[in-house]
>>> print(open('data-v3.tsv').read())   # TSV, C-alpha atoms
chain	number	residue	atom	x	y	z
S	60	MET	CA	126.13	55.14	-77.22
S	61	PRO	CA	124.10	56.78	-74.41
S	62	ASP	CA	123.35	54.27	-71.65
S	63	THR	CA	119.93	55.84	-71.30
S	64	LEU	CA	118.59	53.93	-74.29
S	65	VAL	CA	119.65	50.51	-73.04
S	66	PRO	CA	116.51	48.73	-71.76
S	67	SER	CA	116.12	49.51	-68.06
S	68	GLU	CA	115.81	46.81	-65.43
S	69	ALA	CA	113.76	49.20	-63.32
S	70	GLU	CA	110.71	49.22	-65.60
S	71	ASP	CA	107.28	48.76	-64.02
S	72	LYS	CA	106.38	45.23	-63.01
S	73	THR	CA	104.65	43.33	-65.81
S	74	VAL	CA	103.14	39.88	-66.29
S	75	ALA	CA	102.08	37.68	-69.20
S	76	PHE	CA	98.63	38.16	-70.72
S	77	PRO	CA	96.66	35.26	-69.21
S	78	LEU	CA	94.79	34.38	-72.42
S	79	LEU	CA	97.88	33.56	-74.52
S	80	ALA	CA	97.52	29.99	-75.77
S	81	ASP	CA	101.26	29.26	-75.85
S	82	PRO	CA	103.14	31.88	-73.83
S	83	GLU	CA	106.40	29.91	-73.86
S	84	ASN	CA	106.58	30.14	-77.66
S	85	TYR	CA	104.95	33.56	-78.05
S	86	VAL	CA	106.92	36.01	-80.19
S	87	CYS	CA	105.44	39.50	-80.31
S	88	CYS	CA	107.44	40.66	-83.36
S	89	SER	CA	108.06	37.95	-85.94
S	90	LEU	CA	110.44	40.11	-87.99
S	91	ASN	CA	114.02	40.18	-86.65
S	92	LEU	CA	115.71	43.14	-88.33
S	93	CYS	CA	119.11	41.55	-87.72
S	94	ASP	CA	118.22	39.08	-90.47
S	95	THR	CA	117.23	41.50	-93.22
S	96	ASP	CA	119.44	44.30	-94.51
S	97	GLU	CA	116.68	45.70	-96.71
S	98	GLY	CA	114.08	45.63	-93.95
S	99	ARG	CA	116.46	47.15	-91.42
S	100	GLU	CA	117.40	49.96	-93.80
S	101	TYR	CA	113.73	50.73	-94.45
S	102	TRP	CA	112.80	50.95	-90.77
S	103	LEU	CA	115.86	52.92	-89.68
S	104	GLU	CA	115.23	55.50	-92.40
S	105	LEU	CA	111.55	55.70	-91.46
S	106	PHE	CA	112.34	56.25	-87.78
S	107	ARG	CA	114.91	58.94	-88.62
S	108	ASP	CA	112.54	60.85	-90.88
S	109	HIS	CA	109.55	60.58	-88.55
S	110	TYR	CA	111.56	61.68	-85.52
S	111	LYS	CA	112.01	65.10	-87.15
S	112	ASP	CA	108.25	65.61	-87.25
S	113	LEU	CA	107.96	64.33	-83.69
S	114	LEU	CA	110.49	66.89	-82.41
S	115	ASP	CA	108.81	69.70	-84.34
S	116	ARG	CA	105.59	68.84	-82.52
S	117	ALA	CA	107.51	68.59	-79.23
S	118	VAL	CA	108.65	72.20	-79.58
S	119	VAL	CA	105.09	73.43	-80.20
S	120	ASP	CA	103.86	71.41	-77.24
S	121	ALA	CA	106.63	72.75	-74.97
S	122	LEU	CA	105.84	76.35	-75.88
S	123	ASP	CA	102.15	75.72	-75.22
S	124	ARG	CA	103.06	74.33	-71.78
S	125	GLY	CA	104.93	77.53	-70.91
S	126	LEU	CA	108.54	76.68	-71.68
S	127	ASN	CA	110.60	79.22	-73.59
S	128	ARG	CA	112.10	78.46	-76.98
S	129	GLU	CA	115.61	77.89	-75.62
S	130	GLU	CA	114.36	75.30	-73.12
S	131	ALA	CA	112.33	73.53	-75.79
S	132	ASP	CA	115.23	73.46	-78.23
S	133	THR	CA	117.58	72.12	-75.54
S	134	GLN	CA	115.22	69.24	-74.73
S	135	CYS	CA	114.80	68.35	-78.39
S	136	ALA	CA	118.53	68.54	-79.06
S	137	GLN	CA	119.16	66.12	-76.19
S	138	ALA	CA	116.51	63.71	-77.46
S	139	HIS	CA	117.76	63.96	-81.05
S	140	ALA	CA	121.37	63.25	-80.05
S	141	SER	CA	120.38	60.33	-77.86
S	142	PHE	CA	118.07	58.59	-80.34
S	143	GLY	CA	120.36	59.41	-83.26
S	144	ALA	CA	123.28	57.73	-81.50
S	145	TYR	CA	121.13	54.67	-80.83
S	146	LEU	CA	120.12	54.40	-84.50
S	147	LYS	CA	123.73	54.72	-85.63
S	148	GLN	CA	124.81	51.96	-83.28
S	149	ILE	CA	122.19	49.44	-84.35
S	150	GLU	CA	122.86	50.37	-87.98
S	151	ALA	CA	126.52	49.48	-87.53
S	152	GLU	CA	125.94	46.54	-85.19
S	153	PRO	CA	122.31	45.33	-85.48
S	154	ASP	CA	122.58	42.59	-82.85
S	155	VAL	CA	124.32	44.74	-80.23
S	156	PHE	CA	121.29	44.40	-77.93
S	157	GLY	CA	120.27	40.96	-79.17
S	158	ARG	CA	117.20	40.49	-81.32
S	159	LEU	CA	116.32	43.75	-83.11
S	160	THR	CA	112.63	44.50	-83.72
S	161	VAL	CA	110.49	47.50	-84.58
S	162	LEU	CA	109.18	47.38	-81.00
S	163	ALA	CA	112.73	47.60	-79.63
S	164	ILE	CA	113.34	50.73	-81.70
S	165	CYS	CA	110.00	52.19	-80.56
S	166	ASN	CA	110.97	51.62	-76.94
S	167	ALA	CA	114.34	53.32	-77.48
S	168	ARG	CA	112.58	56.29	-79.05
S	169	GLU	CA	110.22	56.63	-76.08
S	170	ARG	CA	113.13	56.44	-73.62
S	171	SER	CA	114.95	59.19	-75.53
S	172	LEU	CA	111.92	61.45	-75.09
S	173	ARG	CA	111.35	60.66	-71.42
S	174	ASN	CA	115.02	61.19	-70.59
S	175	ALA	CA	114.87	64.59	-72.31
S	176	ARG	CA	111.74	65.49	-70.28
S	177	ILE	CA	109.51	65.56	-73.36
S	178	PRO	CA	106.19	64.20	-72.06
S	179	ASP	CA	103.79	64.09	-75.01
S	180	PRO	CA	104.68	65.67	-78.39
S	181	TYR	CA	101.29	64.79	-79.89
S	182	ARG	CA	99.19	66.19	-77.03
S	183	LEU	CA	97.79	69.11	-79.03
S	184	ALA	CA	97.02	66.95	-82.08
S	185	LYS	CA	95.19	64.46	-79.88
S	186	GLU	CA	93.20	67.18	-78.16
S	187	GLN	CA	92.16	68.70	-81.49
S	188	GLU	CA	91.03	65.40	-82.99
S	189	ASN	CA	89.30	64.35	-79.76
S	190	GLU	CA	87.28	67.55	-79.80
S	191	ILE	CA	86.23	67.05	-83.42
S	192	ALA	CA	85.37	63.39	-82.89
S	193	LEU	CA	83.41	64.00	-79.68
S	194	ALA	CA	81.24	66.52	-81.51
S	195	LEU	CA	80.55	64.03	-84.29
S	196	LEU	CA	79.98	60.97	-82.09
S	197	PRO	CA	76.24	61.52	-81.34
S	198	LYS	CA	75.52	61.57	-85.10
S	199	VAL	CA	77.59	58.41	-85.64
S	200	LEU	CA	75.72	56.60	-82.85
S	201	GLN	CA	72.40	57.77	-84.29
S	202	GLU	CA	73.37	56.37	-87.71
S	203	ILE	CA	74.25	53.02	-86.15
S	204	ASP	CA	71.07	52.91	-84.07
S	205	SER	CA	69.00	53.30	-87.25
S	206	LEU	CA	70.34	49.95	-88.50
S	207	GLU	CA	69.71	46.37	-87.47
S	208	GLY	CA	71.24	42.93	-87.90
S	209	ASN	CA	74.03	42.36	-90.42
S	210	ALA	CA	73.93	45.94	-91.72
S	211	ARG	CA	74.42	47.30	-88.20
S	212	ILE	CA	77.44	45.07	-87.52
S	213	GLU	CA	79.06	45.86	-90.87
S	214	ARG	CA	78.61	49.61	-90.30
S	215	ILE	CA	80.28	49.32	-86.89
S	216	MET	CA	83.23	47.38	-88.29
S	217	ARG	CA	83.65	49.80	-91.21
S	218	GLY	CA	83.65	52.62	-88.70
S	219	ILE	CA	86.60	51.00	-86.93
S	220	PHE	CA	88.58	51.01	-90.18
S	221	ALA	CA	87.65	54.60	-91.01
S	222	GLY	CA	88.65	55.77	-87.54
S	223	ASN	CA	91.93	53.86	-87.64
S	224	LEU	CA	93.14	56.14	-90.43
S	225	PHE	CA	94.05	58.68	-87.70
S	226	ASP	CA	97.62	57.51	-87.18
S	227	LEU	CA	100.37	60.10	-86.86
S	228	GLY	CA	102.99	57.37	-86.46
S	229	ALA	CA	102.56	56.32	-90.10
S	230	VAL	CA	104.21	58.62	-92.63
S	231	LYS	CA	101.41	58.62	-95.21
S	232	THR	CA	98.55	59.31	-92.80
S	233	ASN	CA	100.67	61.77	-90.80
S	234	GLU	CA	101.00	63.88	-93.94
S	235	MET	CA	97.23	63.71	-94.49
S	236	PHE	CA	96.49	65.06	-91.00
S	237	LYS	CA	99.21	67.74	-91.09
S	238	GLU	CA	97.20	69.98	-93.37
S	239	ASP	CA	93.77	69.48	-91.86
S	240	SER	CA	91.50	67.06	-90.09
S	241	VAL	CA	90.36	64.15	-92.27
S	242	ASP	CA	86.59	63.78	-92.70
S	243	PHE	CA	85.38	60.55	-91.06
S	244	HIS	CA	82.37	60.03	-93.30
S	245	VAL	CA	84.40	60.65	-96.46
S	246	THR	CA	86.92	58.06	-95.27
S	247	LEU	CA	84.07	55.66	-94.53
S	248	LYS	CA	82.86	55.93	-98.13
S	249	LYS	CA	86.35	55.48	-99.58
S	250	LEU	CA	87.22	52.25	-97.76
S	251	LYS	CA	88.28	49.41	-100.03
S	252	ASP	CA	85.48	47.17	-101.26
S	253	ARG	CA	84.99	43.67	-99.95
S	254	PRO	CA	86.42	41.14	-99.91
S	255	TRP	CA	89.02	42.88	-97.78
S	256	PHE	CA	92.60	41.66	-97.50
S	257	TYR	CA	91.62	39.52	-94.51
S	258	ASP	CA	87.86	39.30	-94.46
S	259	ASN	CA	86.15	37.32	-91.70
S	260	LEU	CA	83.27	39.79	-91.45
S	261	ASP	CA	80.63	37.17	-92.26
S	262	GLU	CA	81.99	34.69	-89.73
S	263	TRP	CA	82.25	37.38	-87.07
S	264	THR	CA	78.73	38.68	-87.75
S	265	ASP	CA	77.23	35.19	-87.57
S	266	ARG	CA	79.05	34.46	-84.32
S	267	TRP	CA	78.04	37.75	-82.74
S	268	LEU	CA	74.39	37.68	-83.81
S	269	TYR	CA	73.58	33.99	-83.66
S	270	GLY	CA	76.23	32.23	-81.57
S	271	PRO	CA	76.39	31.84	-77.79
S	272	LYS	CA	76.71	35.23	-76.10
S	273	TYR	CA	80.17	36.17	-74.95
S	274	ASN	CA	80.63	36.79	-71.25
S	275	CYS	CA	83.20	39.58	-71.47
S	276	ALA	CA	85.60	41.08	-74.01
S	277	VAL	CA	88.98	42.67	-73.44
S	278	VAL	CA	89.46	45.44	-76.00
S	279	PHE	CA	92.91	46.90	-76.75
S	280	VAL	CA	92.44	50.31	-78.39
S	281	ASP	CA	94.89	52.29	-80.50
S	282	ASN	CA	94.83	55.98	-81.40
S	283	ALA	CA	93.04	58.99	-79.95
S	284	GLY	CA	90.50	61.04	-81.89
S	285	PRO	CA	88.28	59.37	-84.50
S	286	ASP	CA	90.02	56.02	-84.02
S	287	VAL	CA	88.89	55.41	-80.46
S	288	LEU	CA	85.86	57.70	-80.41
S	289	LEU	CA	84.18	57.07	-83.77
S	290	GLY	CA	85.50	53.56	-84.35
S	291	MET	CA	86.01	51.71	-81.09
S	292	VAL	CA	83.49	53.42	-78.80
S	293	PRO	CA	80.53	52.40	-81.04
S	294	PHE	CA	81.95	48.85	-81.11
S	295	VAL	CA	82.30	48.72	-77.32
S	296	ARG	CA	78.87	50.29	-76.90
S	297	GLU	CA	77.34	47.57	-79.08
S	298	LEU	CA	78.95	44.86	-76.96
S	299	LEU	CA	77.53	46.52	-73.86
S	300	ARG	CA	74.12	46.94	-75.48
S	301	THR	CA	73.97	43.19	-76.05
S	302	ASP	CA	74.87	42.53	-72.41
S	303	ILE	CA	78.52	41.62	-72.99
S	304	GLY	CA	80.97	42.93	-70.42
S	305	VAL	CA	83.98	44.94	-71.57
S	306	VAL	CA	87.46	45.48	-70.15
S	307	LEU	CA	88.67	48.50	-72.12
S	308	THR	CA	92.44	48.96	-72.07
S	309	ALA	CA	94.80	51.63	-73.39
S	310	ASN	CA	98.45	52.62	-73.02
S	311	GLN	CA	99.82	53.68	-69.67
S	312	THR	CA	101.96	56.54	-71.01
S	313	PRO	CA	101.86	58.77	-74.10
S	314	THR	CA	103.39	57.48	-77.32
S	315	LEU	CA	102.78	59.14	-80.68
S	316	ASN	CA	99.02	59.82	-80.96
S	317	ASP	CA	97.90	56.68	-79.11
S	318	VAL	CA	95.21	57.34	-76.54
S	319	THR	CA	96.34	56.82	-72.95
S	320	HIS	CA	94.37	55.22	-70.14
S	321	GLU	CA	94.04	58.55	-68.35
S	322	GLU	CA	92.77	60.27	-71.51
S	323	LEU	CA	90.36	57.43	-72.22
S	324	VAL	CA	88.81	57.61	-68.75
S	325	GLU	CA	88.12	61.31	-69.30
S	326	LEU	CA	86.66	60.73	-72.77
S	327	ILE	CA	84.37	57.91	-71.63
S	328	ASP	CA	83.13	60.06	-68.74
S	329	LYS	CA	82.19	62.79	-71.22
S	330	ILE	CA	80.31	60.32	-73.41
S	331	ALA	CA	78.48	58.90	-70.38
S	332	LYS	CA	76.92	62.31	-69.76
S	333	TYR	CA	74.61	61.82	-72.75
S	334	ASP	CA	74.73	58.12	-73.68
S	335	THR	CA	72.77	55.93	-71.28
S	336	ILE	CA	74.32	52.67	-72.48
S	337	ILE	CA	77.81	53.84	-71.57
S	338	ALA	CA	76.60	55.52	-68.38
S	339	ASP	CA	74.73	52.46	-67.12
S	340	ALA	CA	77.66	50.17	-67.98
S	341	LEU	CA	80.06	52.33	-65.99
S	342	LYS	CA	77.69	52.47	-63.03
S	343	SER	CA	77.15	48.71	-62.98
S	344	GLN	CA	80.84	48.03	-63.77
S	345	GLN	CA	79.83	46.14	-66.87
S	346	LEU	CA	82.40	48.46	-68.46
S	347	GLU	CA	85.79	48.57	-66.74
S	348	LEU	CA	88.76	50.68	-67.85
S	349	VAL	CA	92.22	49.34	-66.99
S	350	THR	CA	95.66	50.42	-68.17
S	351	SER	CA	97.52	47.90	-70.31
S	352	GLY	CA	100.83	49.04	-68.86
S	353	ASN	CA	102.09	49.54	-72.41
S	354	LYS	CA	104.34	52.46	-73.39
S	355	ALA	CA	104.71	52.01	-77.16
S	356	PRO	CA	102.53	51.89	-80.28
S	357	LEU	CA	103.22	48.14	-80.47
S	358	ILE	CA	102.54	45.74	-77.61
S	359	ASP	CA	104.32	42.73	-76.14
S	360	LEU	CA	101.65	40.61	-74.48
S	361	MET	CA	104.26	39.03	-72.22
S	362	GLN	CA	104.61	42.44	-70.55
S	363	ILE	CA	101.24	43.79	-69.47
S	364	ASN	CA	100.08	45.49	-66.30
S	365	PRO	CA	99.14	43.02	-63.50
S	366	ASP	CA	95.86	44.91	-63.00
S	367	LEU	CA	94.84	44.07	-66.57
S	368	ALA	CA	95.75	40.41	-66.10
S	369	ASP	CA	93.68	40.38	-62.91
S	370	ALA	CA	90.67	41.99	-64.62
S	371	VAL	CA	90.81	39.55	-67.54
S	372	THR	CA	90.86	36.57	-65.17
S	373	ARG	CA	88.33	37.98	-62.71
S	374	ARG	CA	85.85	38.92	-65.44
S	375	LYS	CA	86.21	35.54	-67.20
S	376	VAL	CA	87.04	37.20	-70.52
S	377	ASP	CA	86.23	34.99	-73.51
S	378	LEU	CA	86.86	37.42	-76.39
S	379	CYS	CA	90.13	39.28	-77.09
S	380	VAL	CA	90.04	42.28	-79.45
S	381	LEU	CA	93.26	43.85	-80.73
S	382	GLU	CA	92.78	47.02	-82.76
S	383	GLY	CA	95.30	48.96	-84.79
S	384	MET	CA	98.25	48.16	-87.01
S	385	GLY	CA	100.77	48.07	-84.16
S	386	ARG	CA	98.83	45.77	-81.86
S	387	ALA	CA	96.96	43.59	-84.34
S	388	ILE	CA	99.51	43.15	-87.13
S	389	GLU	CA	103.05	44.25	-86.29
S	390	THR	CA	103.17	42.46	-82.96
S	391	ASN	CA	100.34	39.93	-82.66
S	392	TYR	CA	99.14	38.96	-86.12
S	393	ASP	CA	99.74	35.27	-85.52
S	394	ALA	CA	99.36	35.26	-81.74
S	395	ARG	CA	97.04	32.51	-80.51
S	396	PHE	CA	94.66	32.80	-77.58
S	397	THR	CA	92.67	30.45	-75.39
S	398	CYS	CA	89.50	32.28	-76.43
S	399	ASP	CA	88.07	33.76	-79.63
S	400	SER	CA	89.99	36.77	-80.95
S	401	LEU	CA	89.46	39.69	-83.32
S	402	LYS	CA	92.33	41.52	-84.99
S	403	LEU	CA	91.31	44.77	-86.71
S	404	ALA	CA	93.45	47.23	-88.65
S	405	MET	CA	94.03	49.32	-91.73
S	406	ILE	CA	97.45	48.97	-93.41
S	407	LYS	CA	99.06	52.43	-93.37
S	408	ASP	CA	102.72	51.58	-93.85
S	409	VAL	CA	104.47	49.93	-96.80
S	410	GLY	CA	106.85	48.04	-94.53
S	411	VAL	CA	104.06	46.58	-92.42
S	412	GLY	CA	102.11	45.65	-95.53
S	413	HIS	CA	105.16	43.91	-96.96
S	414	GLU	CA	105.33	41.61	-93.94
S	415	ILE	CA	101.92	40.11	-94.74
S	416	ASP	CA	101.86	40.75	-98.53
S	417	ALA	CA	99.26	43.49	-98.18
S	418	GLU	CA	99.00	46.87	-99.90
S	419	MET	CA	98.47	50.38	-98.54
S	420	PHE	CA	95.01	50.90	-97.04
S	421	ASP	CA	94.16	47.20	-97.17
S	422	LEU	CA	91.78	46.18	-94.37
S	423	VAL	CA	92.20	43.35	-91.89
S	424	LEU	CA	89.32	41.78	-90.00
S	425	ARG	CA	90.71	38.51	-88.70
S	426	PHE	CA	88.41	36.45	-86.50
S	427	ASP	CA	89.96	33.34	-84.96
S	428	GLN	CA	87.61	31.01	-83.12
S	429	VAL	CA	88.61	28.48	-80.51
>>> encode(input="data-v3.tsv", output="structure tokens")
Amino acid sequence: MPDTLVPSEAEDKTVAFPLLADPENYVCCSLNLCDTDEGREYWLELFRDHYKDLLDRAVVDALDRGLNREEADTQCAQAHASFGAYLKQIEAEPDVFGRLTVLAICNARERSLRNARIPDPYRLAKEQENEIALALLPKVLQEIDSLEGNARIERIMRGIFAGNLFDLGAVKTNEMFKEDSVDFHVTLKKLKDRPWFYDNLDEWTDRWLYGPKYNCAVVFVDNAGPDVLLGMVPFVRELLRTDIGVVLTANQTPTLNDVTHEELVELIDKIAKYDTIIADALKSQQLELVTSGNKAPLIDLMQINPDLADAVTRRKVDLCVLEGMGRAIETNYDARFTCDSLKLAMIKDVGVGHEIDAEMFDLVLRFDQV
């Protein structure tokens, strides 16, 4: 077993998310794969199969960055051997590193890539989808601005679900995006009818429109492309439009097709060139972008960047928004906070759906009020 995949003690300094209601009893992943042979077999097979696609993309990315084919193949062979050895070990001895979770396997996968000097296998896919989504965003904002009241809020929330379909870490949606870009408006029309699997839309709409105004929201975003640009940016923009502050947070390093903090800063700057709401919010610091410190598609809220914890406390955040299957369901579905919280996601994996008795493409809008 390569030592490189054992969790490092030299990771960046992290702290607990200050809005957790019960940090001492917080468990980011409720499913311990040591306890379920069937579940463990499903996830190990999924990681093995998906890693092949990931390395194929890594080769294309390496060639685009100027490496020759031999260098690219050498890097991928190293990563494949390292991660493959890790999977074999936990298959034979699931508790070798203690509690075994999907997040632990994700972290091992990311270490195998970093140690093989593979920076971002999905870079080109993210760039392509960002470009398409940026071109479409003005039309999406215009559609939203033509609506008012309940209809406006529902359109924004539906847009989050439609955008969240862009997930190259899920096998089904990865196959959909392999052939071509998926049309956002077509996806919007094909969303499952209400009531959704978890449907607090009415409660959320009433609270947003008629309840006391929130001071500031912390918003954890998920994927690049239509997810963040056509789903979450309109949501954040609407918070800002109604004079609610926003701390917008994304991953620190690349993982699958998740948007990174650095990429998000660049995208928001581009949007600010033509959208006055975003531009004014940046200028006044009503909108603040801070890295979460996270390095995986799932997130452990006991290990976030101190700068994010500081921003959440300093800005007196009273709304926590977790978007995406990895952040809102796989790791924090039952997490409790000291403030109101929104958990938003589309189910795009059979295994994840099984954990909460949901089906493929079911929609989750969970609004928990304190």
>>> closest_atom_pairs(input="data-v3.tsv", of="region 166-285 of chain S", to="region 399-405 of chain S", cutoff="8 Å", atoms="all atoms listed in the file", output="tab-separated table")
residue	atom	partner	partner_atom	distance
S:Ile219	CA	S:Leu403	CA	7.8
S:Phe220	CA	S:Met405	CA	5.9
S:Asn223	CA	S:Met405	CA	6.5
S:Leu224	CA	S:Met405	CA	7.0
>>> closest_residue(input="data-v3.tsv", among="S:Phe243, S:Trp102, S:Tyr145, S:Tyr110", to="Leu288 (chain S)", atoms="all atoms listed in the file")
S:Phe243
>>> residues_around(input="data-v3.tsv", residues="Asn353 (chain S)", least_positions_apart="5", cutoff="8 Å", atoms="all atoms listed in the file", output="list in words")
Ala309, Asn310, Gln311, Thr312, Ile358, Gln362, Ile363 and Asn364 of chain S
>>> closest_residue(input="data-v3.tsv", among="S:Gly143, S:Gly208, S:Pro197, S:Gly98", to="Tyr269 (chain S)", atoms="only C-alpha atoms")
S:Gly208
>>> atom_distance(input="data-v3.tsv", atom1="CA of Ile330 (chain S)", atom2="CA of Val277 (chain S)")
19.7 Å
>>> closest_residue(input="data-v3.tsv", among="S:Gln344, S:Thr319, S:Thr335, S:Gln201", to="Cys275 (chain S)", atoms="all atoms listed in the file")
S:Gln344
>>> atom_distance(input="data-v3.tsv", atom1="CA of Glu389 (chain S)", atom2="CA of Glu234 (chain S)")
21.2 Å
>>> closest_residue(input="data-v3.tsv", among="S:Glu414, S:Asp393, S:Glu202, S:Glu325", to="Leu79 (chain S)", atoms="all atoms listed in the file")
S:Asp393
>>> closest_residue(input="data-v3.tsv", among="S:Gly270, S:Asp286, S:Leu196, S:Glu321", to="Asp334 (chain S)", atoms="all atoms listed in the file")
S:Leu196
>>> axis_aligned_box(input="data-v3.tsv", around="region 141-149 of chain S", padding_each_side="4 Å", output="AutoDock Vina command-line options")
--center_x 121.4 --center_y 54.9 --center_z -81.7 --size_x 14.7 --size_y 18.9 --size_z 15.8
>>> closest_atom_pairs(input="data-v3.tsv", of="region 222-323 of chain S", to="region 146-170 of chain S", cutoff="12 Å", atoms="all atoms listed in the file", output="CSV")
residue,atom,partner,partner_atom,distance
S:Gly228,CA,S:Cys165,CA,10.5
S:Thr312,CA,S:Glu169,CA,9.7
S:Pro313,CA,S:Glu169,CA,8.9
S:Thr314,CA,S:Glu169,CA,7.0
S:Leu315,CA,S:Glu169,CA,9.1
>>> closest_residue(input="data-v3.tsv", among="S:Ala283, S:Leu422, S:Ile327, S:Met361", to="Pro254 (chain S)", atoms="all atoms listed in the file")
S:Leu422
>>> atom_distance(input="data-v3.tsv", atom1="CA of Val306 (chain S)", atom2="CA of Cys87 (chain S)")
21.5 Å
>>> residues_around(input="data-v3.tsv", residues="Lys342 (chain S)", least_positions_apart="6", cutoff="12 Å", atoms="all atoms listed in the file", output="list in words")
Asp328, Ala331, Lys332, Thr335 and Ile336 of chain S
>>> residues_around(input="data-v3.tsv", residues="Trp263 (chain S)", least_positions_apart="4", cutoff="7 Å", atoms="all atoms listed in the file", output="list in words")
Asn259, Trp267 and Phe426 of chain S
>>> write_last_selection(input="data-v3.tsv", atoms="C-alpha atoms", output="CSV table (one decimal), in the coordinates of the input")
chain,number,residue,atom,x,y,z
S,259,ASN,CA,86.2,37.3,-91.7
S,267,TRP,CA,78.0,37.8,-82.7
S,426,PHE,CA,88.4,36.4,-86.5
>>> residues_around(input="data-v3.tsv", residues="Arg374 (chain S)", least_positions_apart="3", cutoff="10 Å", atoms="all atoms listed in the file", output="MDAnalysis selection string")
chainID S and resid 274:277 304:306 345 347 369:371 377
>>> residues_around(input="data-v3.tsv", residues="Glu418 (chain S)", least_positions_apart="5", cutoff="12 Å", atoms="all atoms listed in the file", output="number ranges by chain")
S: 251, 255-257, 405-413, 423
